[in-house]
file structure-v3.pdb (PDB, C-alpha atoms, pLDDT in the B column)
ATOM      1  CA  MET A 970      20.575 130.582 155.255  1.00 96.00           C
ATOM      2  CA  LYS A 971      20.637 129.856 151.541  1.00 98.00           C
ATOM      3  CA  TYR A 972      19.820 126.236 150.729  1.00 98.00           C
ATOM      4  CA  ALA A 973      19.907 124.104 147.608  1.00 98.00           C
ATOM      5  CA  LEU A 974      18.206 120.719 147.543  1.00 98.00           C
ATOM      6  CA  ALA A 975      19.051 117.727 145.356  1.00 98.00           C
ATOM      7  CA  VAL A 976      16.305 115.122 144.926  1.00 98.00           C
ATOM      8  CA  TYR A 977      17.162 111.656 143.601  1.00 97.00           C
ATOM      9  CA  GLY A 978      13.898 109.783 144.222  1.00 96.00           C
ATOM     10  CA  GLY A 979      10.766 109.639 142.096  1.00 95.00           C
ATOM     11  CA  PRO A 980       7.265 110.334 143.386  1.00 94.00           C
ATOM     12  CA  PHE A 981       5.211 107.475 144.906  1.00 90.00           C
ATOM     13  CA  THR A 982       8.142 105.009 144.938  1.00 90.00           C
ATOM     14  CA  HIS A 983      10.439 106.776 147.340  1.00 92.00           C
ATOM     15  CA  GLN A 984      10.246 109.165 150.253  1.00 95.00           C
ATOM     16  CA  ALA A 985      13.062 111.428 149.006  1.00 97.00           C
ATOM     17  CA  SER A 986      10.895 113.930 147.173  1.00 97.00           C
ATOM     18  CA  SER A 987       8.341 114.188 149.951  1.00 96.00           C
ATOM     19  CA  SER A 988      11.074 114.682 152.584  1.00 97.00           C
ATOM     20  CA  ALA A 989      12.696 117.355 150.429  1.00 98.00           C
ATOM     21  CA  TYR A 990       9.324 119.090 150.034  1.00 98.00           C
ATOM     22  CA  GLN A 991       8.703 119.025 153.792  1.00 98.00           C
ATOM     23  CA  PHE A 992      12.217 120.385 154.383  1.00 98.00           C
ATOM     24  CA  ALA A 993      11.727 123.181 151.837  1.00 98.00           C
ATOM     25  CA  LYS A 994       8.404 124.170 153.401  1.00 98.00           C
ATOM     26  CA  ALA A 995       9.868 124.214 156.912  1.00 98.00           C
ATOM     27  CA  ALA A 996      12.980 126.131 155.839  1.00 98.00           C
ATOM     28  CA  ILE A 997      10.898 128.812 154.093  1.00 98.00           C
ATOM     29  CA  ALA A 998       8.629 129.074 157.132  1.00 98.00           C
ATOM     30  CA  ARG A 999      11.715 129.773 159.248  1.00 98.00           C
ATOM     31  CA  GLY A1000      12.819 132.556 156.909  1.00 98.00           C
ATOM     32  CA  HIS A1001      15.503 130.676 154.964  1.00 98.00           C
ATOM     33  CA  GLU A1002      15.931 130.827 151.214  1.00 98.00           C
ATOM     34  CA  ILE A1003      15.545 127.799 148.950  1.00 98.00           C
ATOM     35  CA  TYR A1004      17.755 128.860 146.072  1.00 97.00           C
ATOM     36  CA  ARG A1005      17.078 125.849 143.871  1.00 98.00           C
ATOM     37  CA  VAL A1006      15.659 122.341 143.912  1.00 98.00           C
ATOM     38  CA  PHE A1007      17.564 120.117 141.507  1.00 98.00           C
ATOM     39  CA  PHE A1008      15.955 116.835 140.436  1.00 98.00           C
ATOM     40  CA  TYR A1009      18.423 114.151 139.351  1.00 97.00           C
ATOM     41  CA  HIS A1010      18.347 110.374 138.828  1.00 97.00           C
ATOM     42  CA  ASP A1011      14.761 109.117 139.215  1.00 97.00           C
ATOM     43  CA  GLY A1012      13.959 112.455 140.848  1.00 97.00           C
ATOM     44  CA  VAL A1013      13.263 113.744 137.338  1.00 98.00           C
ATOM     45  CA  TYR A1014       9.958 111.819 137.385  1.00 97.00           C
ATOM     46  CA  ASN A1015       8.693 114.465 139.813  1.00 97.00           C
ATOM     47  CA  GLY A1016       8.423 116.770 136.806  1.00 97.00           C
ATOM     48  CA  SER A1017       6.074 114.595 134.786  1.00 97.00           C
ATOM     49  CA  ASN A1018       2.594 116.052 134.474  1.00 94.00           C
ATOM     50  CA  LEU A1019       1.199 112.665 133.453  1.00 95.00           C
ATOM     51  CA  SER A1020       1.302 111.004 136.859  1.00 92.00           C
ATOM     52  CA  ILE A1021      -2.048 110.713 138.565  1.00 92.00           C
ATOM     53  CA  ALA A1022      -2.524 110.079 142.264  1.00 91.00           C
ATOM     54  CA  PRO A1023      -5.671 108.412 143.603  1.00 93.00           C
ATOM     55  CA  GLN A1024      -7.890 111.011 145.300  1.00 92.00           C
ATOM     56  CA  ASP A1025      -6.914 109.956 148.801  1.00 94.00           C
ATOM     57  CA  GLU A1026      -3.176 110.040 148.096  1.00 92.00           C
ATOM     58  CA  VAL A1027      -0.754 112.930 148.072  1.00 92.00           C
ATOM     59  CA  ASN A1028       0.652 114.068 144.717  1.00 93.00           C
ATOM     60  CA  VAL A1029       4.070 115.486 145.523  1.00 94.00           C
ATOM     61  CA  THR A1030       4.438 117.042 142.057  1.00 94.00           C
ATOM     62  CA  GLU A1031       1.359 119.177 142.801  1.00 95.00           C
ATOM     63  CA  GLN A1032       2.807 120.047 146.214  1.00 96.00           C
ATOM     64  CA  TRP A1033       6.072 121.206 144.655  1.00 97.00           C
ATOM     65  CA  LYS A1034       4.205 123.309 142.089  1.00 96.00           C
ATOM     66  CA  ALA A1035       2.077 124.982 144.722  1.00 96.00           C
ATOM     67  CA  LEU A1036       5.104 125.764 146.884  1.00 97.00           C
ATOM     68  CA  ALA A1037       7.029 127.023 143.848  1.00 96.00           C
ATOM     69  CA  ASP A1038       4.108 129.249 142.815  1.00 95.00           C
ATOM     70  CA  THR A1039       3.843 130.826 146.228  1.00 96.00           C
ATOM     71  CA  HIS A1040       7.553 131.295 146.865  1.00 96.00           C
ATOM     72  CA  LYS A1041       8.992 131.579 143.336  1.00 94.00           C
ATOM     73  CA  LEU A1042      11.090 128.420 143.701  1.00 96.00           C
ATOM     74  CA  ASP A1043      13.507 127.351 140.980  1.00 97.00           C
ATOM     75  CA  LEU A1044      12.582 123.715 140.243  1.00 98.00           C
ATOM     76  CA  VAL A1045      15.163 122.288 137.844  1.00 98.00           C
ATOM     77  CA  ILE A1046      15.110 118.870 136.186  1.00 98.00           C
ATOM     78  CA  CYS A1047      18.420 117.458 134.938  1.00 98.00           C
ATOM     79  CA  ILE A1048      18.228 117.213 131.169  1.00 97.00           C
ATOM     80  CA  ALA A1049      20.564 114.210 130.787  1.00 96.00           C
ATOM     81  CA  ALA A1050      18.688 112.176 133.398  1.00 97.00           C
ATOM     82  CA  ALA A1051      15.269 113.356 132.182  1.00 98.00           C
ATOM     83  CA  ILE A1052      15.477 112.632 128.480  1.00 97.00           C
ATOM     84  CA  ARG A1053      16.709 109.091 129.210  1.00 96.00           C
ATOM     85  CA  ARG A1054      13.654 108.556 131.387  1.00 97.00           C
ATOM     86  CA  GLY A1055      11.155 110.063 128.985  1.00 97.00           C
ATOM     87  CA  VAL A1056      10.523 113.307 130.836  1.00 98.00           C
ATOM     88  CA  ILE A1057      10.837 115.996 128.169  1.00 98.00           C
ATOM     89  CA  ASN A1058       9.579 119.470 127.407  1.00 97.00           C
ATOM     90  CA  GLU A1059       8.309 120.780 124.108  1.00 97.00           C
ATOM     91  CA  SER A1060      11.647 121.889 122.730  1.00 96.00           C
ATOM     92  CA  GLU A1061      13.282 118.508 123.506  1.00 97.00           C
ATOM     93  CA  ALA A1062      10.290 116.761 121.939  1.00 97.00           C
ATOM     94  CA  ASN A1063      10.871 118.791 118.794  1.00 98.00           C
ATOM     95  CA  ARG A1064      14.627 118.205 118.850  1.00 97.00           C
ATOM     96  CA  TYR A1065      14.262 114.414 119.147  1.00 97.00           C
ATOM     97  CA  GLU A1066      11.141 114.261 116.973  1.00 98.00           C
ATOM     98  CA  LYS A1067       8.871 112.833 119.655  1.00 97.00           C
ATOM     99  CA  ASP A1068       5.089 113.067 119.410  1.00 97.00           C
ATOM    100  CA  ALA A1069       4.482 114.250 122.952  1.00 97.00           C
ATOM    101  CA  HIS A1070       6.021 116.065 125.874  1.00 97.00           C
ATOM    102  CA  ASN A1071       5.196 115.791 129.548  1.00 97.00           C
ATOM    103  CA  LEU A1072       7.365 118.143 131.594  1.00 97.00           C
ATOM    104  CA  ASP A1073       5.147 120.194 133.828  1.00 96.00           C
ATOM    105  CA  PRO A1074       5.518 123.936 133.099  1.00 94.00           C
ATOM    106  CA  GLY A1075       6.269 124.495 136.795  1.00 95.00           C
ATOM    107  CA  PHE A1076       9.661 122.852 136.214  1.00 97.00           C
ATOM    108  CA  GLU A1077      12.603 123.887 134.082  1.00 97.00           C
ATOM    109  CA  ILE A1078      14.850 121.496 132.215  1.00 97.00           C
ATOM    110  CA  SER A1079      18.554 122.299 132.408  1.00 97.00           C
ATOM    111  CA  GLY A1080      22.031 120.843 132.798  1.00 97.00           C
ATOM    112  CA  LEU A1081      24.048 119.377 135.676  1.00 96.00           C
ATOM    113  CA  GLY A1082      25.887 122.684 135.826  1.00 97.00           C
ATOM    114  CA  GLN A1083      22.841 124.017 137.688  1.00 98.00           C
ATOM    115  CA  LEU A1084      23.507 121.533 140.499  1.00 97.00           C
ATOM    116  CA  VAL A1085      27.182 122.468 140.697  1.00 97.00           C
ATOM    117  CA  GLU A1086      26.412 126.177 140.550  1.00 97.00           C
ATOM    118  CA  ALA A1087      23.899 125.773 143.372  1.00 97.00           C
ATOM    119  CA  ALA A1088      26.526 123.924 145.442  1.00 96.00           C
ATOM    120  CA  ILE A1089      28.927 126.825 144.925  1.00 96.00           C
ATOM    121  CA  ASP A1090      26.413 129.606 145.588  1.00 96.00           C
ATOM    122  CA  CYS A1091      24.552 128.179 148.562  1.00 97.00           C
ATOM    123  CA  ASP A1092      25.483 127.853 152.220  1.00 97.00           C
ATOM    124  CA  ARG A1093      24.157 124.303 152.271  1.00 96.00           C
ATOM    125  CA  LEU A1094      23.314 121.683 149.691  1.00 97.00           C
ATOM    126  CA  ILE A1095      21.158 118.873 151.012  1.00 97.00           C
ATOM    127  CA  THR A1096      20.694 115.614 149.155  1.00 97.00           C
ATOM    128  CA  PHE A1097      17.493 113.587 149.406  1.00 97.00           C
ATOM    129  CA  GLY A1098      18.100 110.126 147.988  1.00 92.00           C
ATOM    130  CA  GLU A1099      18.403 106.485 148.912  1.00 73.00           C
TER     131      GLU A1099
ATOM    132  CA  MET B 373      36.454 132.263 146.231  1.00 79.00           C
ATOM    133  CA  THR B 374      36.660 128.610 145.320  1.00 93.00           C
ATOM    134  CA  LYS B 375      34.812 126.032 147.328  1.00 96.00           C
ATOM    135  CA  LYS B 376      35.836 122.615 148.489  1.00 97.00           C
ATOM    136  CA  ILE B 377      33.359 120.153 147.073  1.00 97.00           C
ATOM    137  CA  LEU B 378      33.503 116.450 147.900  1.00 98.00           C
ATOM    138  CA  PHE B 379      31.693 113.877 145.786  1.00 98.00           C
ATOM    139  CA  ILE B 380      30.960 110.579 147.506  1.00 98.00           C
ATOM    140  CA  THR B 381      30.101 107.606 145.352  1.00 98.00           C
ATOM    141  CA  SER B 382      29.054 104.449 147.154  1.00 97.00           C
ATOM    142  CA  LYS B 383      27.110 102.299 144.704  1.00 97.00           C
ATOM    143  CA  ALA B 384      28.358  99.432 142.526  1.00 97.00           C
ATOM    144  CA  PRO B 385      29.216 100.393 138.918  1.00 97.00           C
ATOM    145  CA  TYR B 386      26.383  98.479 137.257  1.00 95.00           C
ATOM    146  CA  GLY B 387      22.876  97.525 138.300  1.00 92.00           C
ATOM    147  CA  SER B 388      21.839 101.115 138.883  1.00 93.00           C
ATOM    148  CA  SER B 389      22.629 104.421 137.203  1.00 93.00           C
ATOM    149  CA  TYR B 390      24.043 105.994 140.394  1.00 95.00           C
ATOM    150  CA  ALA B 391      27.729 105.402 139.590  1.00 97.00           C
ATOM    151  CA  LYS B 392      27.452 106.786 136.079  1.00 95.00           C
ATOM    152  CA  GLU B 393      25.367 109.784 137.078  1.00 95.00           C
ATOM    153  CA  ALA B 394      27.758 110.540 139.958  1.00 96.00           C
ATOM    154  CA  LEU B 395      30.690 110.523 137.548  1.00 96.00           C
ATOM    155  CA  ASP B 396      28.787 112.828 135.174  1.00 96.00           C
ATOM    156  CA  ALA B 397      28.339 115.274 138.055  1.00 96.00           C
ATOM    157  CA  VAL B 398      32.050 115.125 138.947  1.00 97.00           C
ATOM    158  CA  LEU B 399      33.057 115.845 135.342  1.00 96.00           C
ATOM    159  CA  MET B 400      30.615 118.747 135.172  1.00 95.00           C
ATOM    160  CA  ALA B 401      31.883 120.176 138.454  1.00 96.00           C
ATOM    161  CA  SER B 402      35.470 120.034 137.217  1.00 95.00           C
ATOM    162  CA  ALA B 403      34.588 122.735 134.689  1.00 95.00           C
ATOM    163  CA  PHE B 404      33.756 125.227 137.476  1.00 96.00           C
ATOM    164  CA  GLY B 405      37.307 125.682 138.796  1.00 93.00           C
ATOM    165  CA  GLN B 406      36.499 124.484 142.310  1.00 95.00           C
ATOM    166  CA  GLN B 407      38.544 122.248 144.633  1.00 96.00           C
ATOM    167  CA  ILE B 408      37.036 118.890 143.819  1.00 97.00           C
ATOM    168  CA  SER B 409      37.613 115.675 145.761  1.00 98.00           C
ATOM    169  CA  LEU B 410      36.177 112.251 145.066  1.00 98.00           C
ATOM    170  CA  LEU B 411      35.668 109.547 147.693  1.00 98.00           C
ATOM    171  CA  PHE B 412      34.719 105.926 147.030  1.00 98.00           C
ATOM    172  CA  LEU B 413      32.819 104.169 149.804  1.00 98.00           C
ATOM    173  CA  ASP B 414      31.123 100.779 150.218  1.00 98.00           C
ATOM    174  CA  ASP B 415      30.365  99.031 146.889  1.00 98.00           C
ATOM    175  CA  GLY B 416      31.495 102.217 145.128  1.00 98.00           C
ATOM    176  CA  ILE B 417      34.978 100.658 145.381  1.00 97.00           C
ATOM    177  CA  PHE B 418      33.982  98.193 142.647  1.00 98.00           C
ATOM    178  CA  GLN B 419      33.740 101.077 140.150  1.00 98.00           C
ATOM    179  CA  LEU B 420      37.547 101.284 140.243  1.00 98.00           C
ATOM    180  CA  LYS B 421      38.277  97.580 139.842  1.00 98.00           C
ATOM    181  CA  LYS B 422      40.652  96.549 137.065  1.00 97.00           C
ATOM    182  CA  ASP B 423      39.581  94.183 134.276  1.00 96.00           C
ATOM    183  CA  GLN B 424      35.908  95.096 134.173  1.00 97.00           C
ATOM    184  CA  ALA B 425      34.041  93.530 131.274  1.00 96.00           C
ATOM    185  CA  PRO B 426      30.437  94.708 131.421  1.00 94.00           C
ATOM    186  CA  GLN B 427      28.020  92.800 129.223  1.00 92.00           C
ATOM    187  CA  HIS B 428      24.860  93.505 127.258  1.00 90.00           C
ATOM    188  CA  GLY B 429      26.056  96.763 125.754  1.00 90.00           C
ATOM    189  CA  GLN B 430      26.837  98.532 129.022  1.00 91.00           C
ATOM    190  CA  LYS B 431      29.751 100.968 128.932  1.00 93.00           C
ATOM    191  CA  ASN B 432      32.849 100.205 130.992  1.00 96.00           C
ATOM    192  CA  ILE B 433      32.756 102.928 133.631  1.00 96.00           C
ATOM    193  CA  SER B 434      36.354 102.288 134.742  1.00 96.00           C
ATOM    194  CA  ALA B 435      37.665 103.586 131.405  1.00 95.00           C
ATOM    195  CA  THR B 436      36.799 107.149 132.448  1.00 96.00           C
ATOM    196  CA  PHE B 437      38.686 107.265 135.757  1.00 97.00           C
ATOM    197  CA  PRO B 438      42.206 107.558 134.267  1.00 96.00           C
ATOM    198  CA  ALA B 439      40.937 110.666 132.439  1.00 95.00           C
ATOM    199  CA  LEU B 440      39.981 112.439 135.691  1.00 96.00           C
ATOM    200  CA  GLU B 441      43.531 113.765 135.885  1.00 94.00           C
ATOM    201  CA  LEU B 442      42.941 115.696 132.659  1.00 95.00           C
ATOM    202  CA  TYR B 443      39.916 117.291 134.321  1.00 95.00           C
ATOM    203  CA  ASP B 444      42.106 118.353 137.276  1.00 94.00           C
ATOM    204  CA  VAL B 445      40.336 115.945 139.601  1.00 96.00           C
ATOM    205  CA  ASN B 446      43.402 114.714 141.474  1.00 94.00           C
ATOM    206  CA  ASN B 447      42.144 114.235 145.023  1.00 97.00           C
ATOM    207  CA  ILE B 448      40.759 110.728 144.848  1.00 98.00           C
ATOM    208  CA  TYR B 449      40.240 108.675 147.989  1.00 98.00           C
ATOM    209  CA  VAL B 450      39.064 105.184 148.793  1.00 98.00           C
ATOM    210  CA  ASP B 451      37.791 103.793 152.067  1.00 98.00           C
ATOM    211  CA  GLU B 452      40.510 101.442 153.333  1.00 97.00           C
ATOM    212  CA  LEU B 453      38.032  99.265 155.200  1.00 97.00           C
ATOM    213  CA  ALA B 454      35.700  98.993 152.200  1.00 98.00           C
ATOM    214  CA  LEU B 455      38.637  97.664 150.164  1.00 97.00           C
ATOM    215  CA  GLN B 456      39.603  95.152 152.864  1.00 97.00           C
ATOM    216  CA  LYS B 457      36.054  93.912 153.278  1.00 97.00           C
ATOM    217  CA  ARG B 458      35.912  93.168 149.560  1.00 97.00           C
ATOM    218  CA  GLY B 459      39.272  91.376 149.533  1.00 97.00           C
ATOM    219  CA  MET B 460      40.880  94.103 147.456  1.00 97.00           C
ATOM    220  CA  THR B 461      43.956  96.318 147.671  1.00 96.00           C
ATOM    221  CA  ARG B 462      44.874  99.552 145.914  1.00 95.00           C
ATOM    222  CA  GLN B 463      46.750  97.426 143.359  1.00 96.00           C
ATOM    223  CA  ASP B 464      43.398  96.079 142.146  1.00 97.00           C
ATOM    224  CA  LEU B 465      42.293  99.560 141.077  1.00 98.00           C
ATOM    225  CA  VAL B 466      42.588 101.262 137.685  1.00 97.00           C
ATOM    226  CA  ILE B 467      44.038 104.496 139.115  1.00 97.00           C
ATOM    227  CA  ASN B 468      46.248 105.615 141.977  1.00 95.00           C
ATOM    228  CA  THR B 469      44.180 106.539 144.981  1.00 96.00           C
ATOM    229  CA  VAL B 470      44.791 107.432 148.593  1.00 97.00           C
ATOM    230  CA  ALA B 471      43.349 104.920 151.078  1.00 97.00           C
ATOM    231  CA  PHE B 472      41.757 106.575 154.125  1.00 98.00           C
ATOM    232  CA  ASN B 473      40.597 105.093 157.410  1.00 98.00           C
ATOM    233  CA  ASP B 474      37.421 106.274 159.162  1.00 97.00           C
ATOM    234  CA  GLU B 475      39.213 109.031 161.039  1.00 98.00           C
ATOM    235  CA  LYS B 476      40.773 110.450 157.870  1.00 98.00           C
ATOM    236  CA  ILE B 477      37.415 110.252 156.097  1.00 98.00           C
ATOM    237  CA  ARG B 478      35.812 112.180 158.930  1.00 98.00           C
ATOM    238  CA  GLN B 479      38.519 114.850 158.589  1.00 98.00           C
ATOM    239  CA  LEU B 480      38.085 114.994 154.816  1.00 98.00           C
ATOM    240  CA  MET B 481      34.329 115.504 155.189  1.00 98.00           C
ATOM    241  CA  ALA B 482      34.779 118.142 157.887  1.00 98.00           C
ATOM    242  CA  GLU B 483      37.061 120.191 155.608  1.00 97.00           C
ATOM    243  CA  GLN B 484      34.476 120.495 152.837  1.00 97.00           C
ATOM    244  CA  ASP B 485      32.151 123.366 151.999  1.00 97.00           C
ATOM    245  CA  GLN B 486      29.724 121.018 150.240  1.00 97.00           C
ATOM    246  CA  ILE B 487      29.301 117.275 149.953  1.00 97.00           C
ATOM    247  CA  LEU B 488      27.360 115.611 147.158  1.00 96.00           C
ATOM    248  CA  ALA B 489      26.549 111.991 147.917  1.00 95.00           C
ATOM    249  CA  PHE B 490      25.583 109.414 145.328  1.00 95.00           C
TER     250      PHE B 490
END

call {"tool": "encode", "arguments": {"input": "structure-v3.pdb", "output": "C-alpha cells"}}
result
Amino acid sequence: MKYALAVYGGPFTHQASSSAYQFAKAAIARGHEIYRVFFYHDGVYNGSNLSIAPQDEVNVTEQWKALADTHKLDLVICIAAAIRRGVINESEANRYEKDAHNLDPGFEISGLGQLVEAAIDCDRLITFGE
Amino acid sequence: MTKKILFITSKAPYGSSYAKEALDAVLMASAFGQQISLLFLDDGIFQLKKDQAPQHGQKNISATFPALELYDVNNIYVDELALQKRGMTRQDLVINTVAFNDEKIRQLMAEQDQILAF
C-alpha cells in the first residue's frame, strides 16, 4: 500500500514524530511504500539541524534522515509553517535577508500543495498530531 | 478520478495555530479540483462564531469562512452535539452549515477517501 504521513509535532516535546517514524519503519519492513512524509505545524522543527540531543537520548531528526537515506524517502517541510518558526533553508535565508539557515539537507522545503497531492495520490494518509 | 477529502478541524480559533493552519490546508486543497468537505468538531465550533473580536493583532479567522463558497468548498458540517454543549445554535455561526449527529458524522467519515484532521 502507498502511504503518506503528516506530522504535526516537534521533536522532544511530542510523541507524534517518533510514532510516525516507527510507523514508517514498520510499513517499509512490511513492503509498503512511504510516498511522502509531510511536516506541518510544529512538525517543521523536525527539520532543524541545530537541535542537539543528549548522548543518551534519541534524536528523531537523525532517525528520519537515516531512514530517508536508506529508502529514498521524501521528507517535506511546509514552507508557510517553517518560515514562521524560523526553520529555513539557504534560499529562504537569502530571500528574507537572514544571516543563517538551519534546514537539514535531508529535508525539502515546499508548499501545502505537497500534502494535498500526497492525499490524492496515496491509498492512505495518516496524521500524527495531538 | 477525483477523491473525497474531508478536513476535520476541532481546535478553538485562537490560542494555537491549528485552526488557521487547517484553514490554509483547506484553501490549498480547493485548488486541486477534489471533492472537499469540512467538518467542525469540539471547540472547532468556536471558529465559526459570529461577532469575533480577536485582540493583540490577531486576525479574525471567521472573516474567511464566507469566502469558502468562492473556493467551491460547499460541504460544511458542524457537530450538532458540540454546538449544544457550548450553548450555541446554527444561528450563532457566520455561515450556513449542516448540523450532523454522531451517526451522520460516522457516515460522512466512512464515505471519504482521505481524512485530514487538525

call {"tool": "residues_around", "arguments": {"input": "structure-v3.pdb", "residues": "Gly978 of chain A", "least_positions_apart": "3", "cutoff": "12 Å", "atoms": "all atoms listed in the file", "output": "JSON, numbers by chain"}}
result
{"A": [975, 981, 982, 983, 984, 985, 986, 987, 988, 989, 990, 1007, 1008, 1009, 1010, 1011, 1012, 1013, 1014, 1015, 1016, 1029, 1096, 1097, 1098, 1099], "B": [390, 490]}

call {"tool": "write_last_selection", "arguments": {"input": "structure-v3.pdb", "atoms": "C-alpha atoms", "output": "tab-separated table (two decimals), in the frame of the given file"}}
result
chain	number	residue	atom	x	y	z
A	975	ALA	CA	19.05	117.73	145.36
A	981	PHE	CA	5.21	107.48	144.91
A	982	THR	CA	8.14	105.01	144.94
A	983	HIS	CA	10.44	106.78	147.34
A	984	GLN	CA	10.25	109.16	150.25
A	985	ALA	CA	13.06	111.43	149.01
A	986	SER	CA	10.90	113.93	147.17
A	987	SER	CA	8.34	114.19	149.95
A	988	SER	CA	11.07	114.68	152.58
A	989	ALA	CA	12.70	117.36	150.43
A	990	TYR	CA	9.32	119.09	150.03
A	1007	PHE	CA	17.56	120.12	141.51
A	1008	PHE	CA	15.96	116.84	140.44
A	1009	TYR	CA	18.42	114.15	139.35
A	1010	HIS	CA	18.35	110.37	138.83
A	1011	ASP	CA	14.76	109.12	139.22
A	1012	GLY	CA	13.96	112.46	140.85
A	1013	VAL	CA	13.26	113.74	137.34
A	1014	TYR	CA	9.96	111.82	137.38
A	1015	ASN	CA	8.69	114.46	139.81
A	1016	GLY	CA	8.42	116.77	136.81
A	1029	VAL	CA	4.07	115.49	145.52
A	1096	THR	CA	20.69	115.61	149.16
A	1097	PHE	CA	17.49	113.59	149.41
A	1098	GLY	CA	18.10	110.13	147.99
A	1099	GLU	CA	18.40	106.48	148.91
B	390	TYR	CA	24.04	105.99	140.39
B	490	PHE	CA	25.58	109.41	145.33

call {"tool": "atom_distance", "arguments": {"input": "structure-v3.pdb", "atom1": "atom CA of Gln463 of chain B", "atom2": "atom CA of Ile380 of chain B"}}
result
21.0 Å

call {"tool": "resolve_selection", "arguments": {"input": "structure-v3.pdb", "expression": "the PyMOL selection byres ((chain A) within 7 of (chain B))", "output": "PDB file with C-alpha atoms, keeping the file's coordinate frame"}}
result
ATOM      1  CA  LEU A1081      24.048 119.377 135.676  1.00 96.00           C
ATOM      2  CA  GLY A1082      25.887 122.684 135.826  1.00 97.00           C
ATOM      3  CA  VAL A1085      27.182 122.468 140.697  1.00 97.00           C
ATOM      4  CA  ALA A1088      26.526 123.924 145.442  1.00 96.00           C
ATOM      5  CA  ILE A1089      28.927 126.825 144.925  1.00 96.00           C
ATOM      6  CA  ARG A1093      24.157 124.303 152.271  1.00 96.00           C
ATOM      7  CA  LEU A1094      23.314 121.683 149.691  1.00 97.00           C
ATOM      8  CA  THR A1096      20.694 115.614 149.155  1.00 97.00           C
TER       9      THR A1096
END

call {"tool": "residues_around", "arguments": {"input": "structure-v3.pdb", "residues": "Ile477 of chain B", "least_positions_apart": "6", "cutoff": "9 Å", "atoms": "all atoms listed in the file", "output": "MDAnalysis selection string"}}
result
chainID B and resid 411 449 451

call {"tool": "resolve_selection", "arguments": {"input": "structure-v3.pdb", "expression": "the PyMOL selection byres ((chain B and resi 414-424) around 8)", "output": "VMD selection string"}}
result
chain B and resid 381 to 385 391 412 to 413 425 to 426 432 to 434 437 450 to 451 454 to 455 464 to 467

call {"tool": "atom_distance", "arguments": {"input": "structure-v3.pdb", "atom1": "atom CA of Gly405 of chain B", "atom2": "atom CA of Tyr972 of chain A"}}
result
21.2 Å

call {"tool": "residues_around", "arguments": {"input": "structure-v3.pdb", "residues": "segment 1037-1042 of chain A", "least_positions_apart": "2", "cutoff": "12 Å", "atoms": "all atoms listed in the file", "output": "VMD selection string"}}
result
chain A and resid 972 to 974 990 993 to 994 996 to 998 1000 to 1007 1030 to 1035 1044 to 1045 1074 to 1077

call {"tool": "write_last_selection", "arguments": {"input": "structure-v3.pdb", "atoms": "C-alpha atoms", "output": "PDB file, in the coordinates of the input"}}
result
ATOM      1  CA  TYR A 972      19.820 126.236 150.729  1.00 98.00           C
ATOM      2  CA  ALA A 973      19.907 124.104 147.608  1.00 98.00           C
ATOM      3  CA  LEU A 974      18.206 120.719 147.543  1.00 98.00           C
ATOM      4  CA  TYR A 990       9.324 119.090 150.034  1.00 98.00           C
ATOM      5  CA  ALA A 993      11.727 123.181 151.837  1.00 98.00           C
ATOM      6  CA  LYS A 994       8.404 124.170 153.401  1.00 98.00           C
ATOM      7  CA  ALA A 996      12.980 126.131 155.839  1.00 98.00           C
ATOM      8  CA  ILE A 997      10.898 128.812 154.093  1.00 98.00           C
ATOM      9  CA  ALA A 998       8.629 129.074 157.132  1.00 98.00           C
ATOM     10  CA  GLY A1000      12.819 132.556 156.909  1.00 98.00           C
ATOM     11  CA  HIS A1001      15.503 130.676 154.964  1.00 98.00           C
ATOM     12  CA  GLU A1002      15.931 130.827 151.214  1.00 98.00           C
ATOM     13  CA  ILE A1003      15.545 127.799 148.950  1.00 98.00           C
ATOM     14  CA  TYR A1004      17.755 128.860 146.072  1.00 97.00           C
ATOM     15  CA  ARG A1005      17.078 125.849 143.871  1.00 98.00           C
ATOM     16  CA  VAL A1006      15.659 122.341 143.912  1.00 98.00           C
ATOM     17  CA  PHE A1007      17.564 120.117 141.507  1.00 98.00           C
ATOM     18  CA  THR A1030       4.438 117.042 142.057  1.00 94.00           C
ATOM     19  CA  GLU A1031       1.359 119.177 142.801  1.00 95.00           C
ATOM     20  CA  GLN A1032       2.807 120.047 146.214  1.00 96.00           C
ATOM     21  CA  TRP A1033       6.072 121.206 144.655  1.00 97.00           C
ATOM     22  CA  LYS A1034       4.205 123.309 142.089  1.00 96.00           C
ATOM     23  CA  ALA A1035       2.077 124.982 144.722  1.00 96.00           C
ATOM     24  CA  LEU A1044      12.582 123.715 140.243  1.00 98.00           C
ATOM     25  CA  VAL A1045      15.163 122.288 137.844  1.00 98.00           C
ATOM     26  CA  PRO A1074       5.518 123.936 133.099  1.00 94.00           C
ATOM     27  CA  GLY A1075       6.269 124.495 136.795  1.00 95.00           C
ATOM     28  CA  PHE A1076       9.661 122.852 136.214  1.00 97.00           C
ATOM     29  CA  GLU A1077      12.603 123.887 134.082  1.00 97.00           C
TER      30      GLU A1077
END

call {"tool": "decode", "arguments": {"input": "structure-v3.pdb", "residues": "segment 1066-1084 of chain A", "atoms": "C-alpha atoms", "output": "tab-separated table (two decimals), in the first residue's frame"}}
result
chain	number	residue	atom	x	y	z
A	1066	GLU	CA	17.89	38.51	4.20
A	1067	LYS	CA	18.60	36.35	7.23
A	1068	ASP	CA	22.14	35.65	8.41
A	1069	ALA	CA	21.73	31.91	8.87
A	1070	HIS	CA	19.77	28.89	7.75
A	1071	ASN	CA	19.13	25.66	9.58
A	1072	LEU	CA	17.06	23.29	7.45
A	1073	ASP	CA	18.79	19.95	7.34
A	1074	PRO	CA	19.69	18.97	3.75
A	1075	GLY	CA	17.84	15.68	4.27
A	1076	PHE	CA	14.58	17.65	4.16
A	1077	GLU	CA	12.97	19.66	1.40
A	1078	ILE	CA	11.00	22.84	1.92
A	1079	SER	CA	7.82	23.10	-0.13
A	1080	GLY	CA	4.18	24.16	-0.10
A	1081	LEU	CA	0.96	22.76	1.38
A	1082	GLY	CA	0.12	21.53	-2.10
A	1083	GLN	CA	2.53	18.67	-1.41
A	1084	LEU	CA	0.29	17.49	1.43
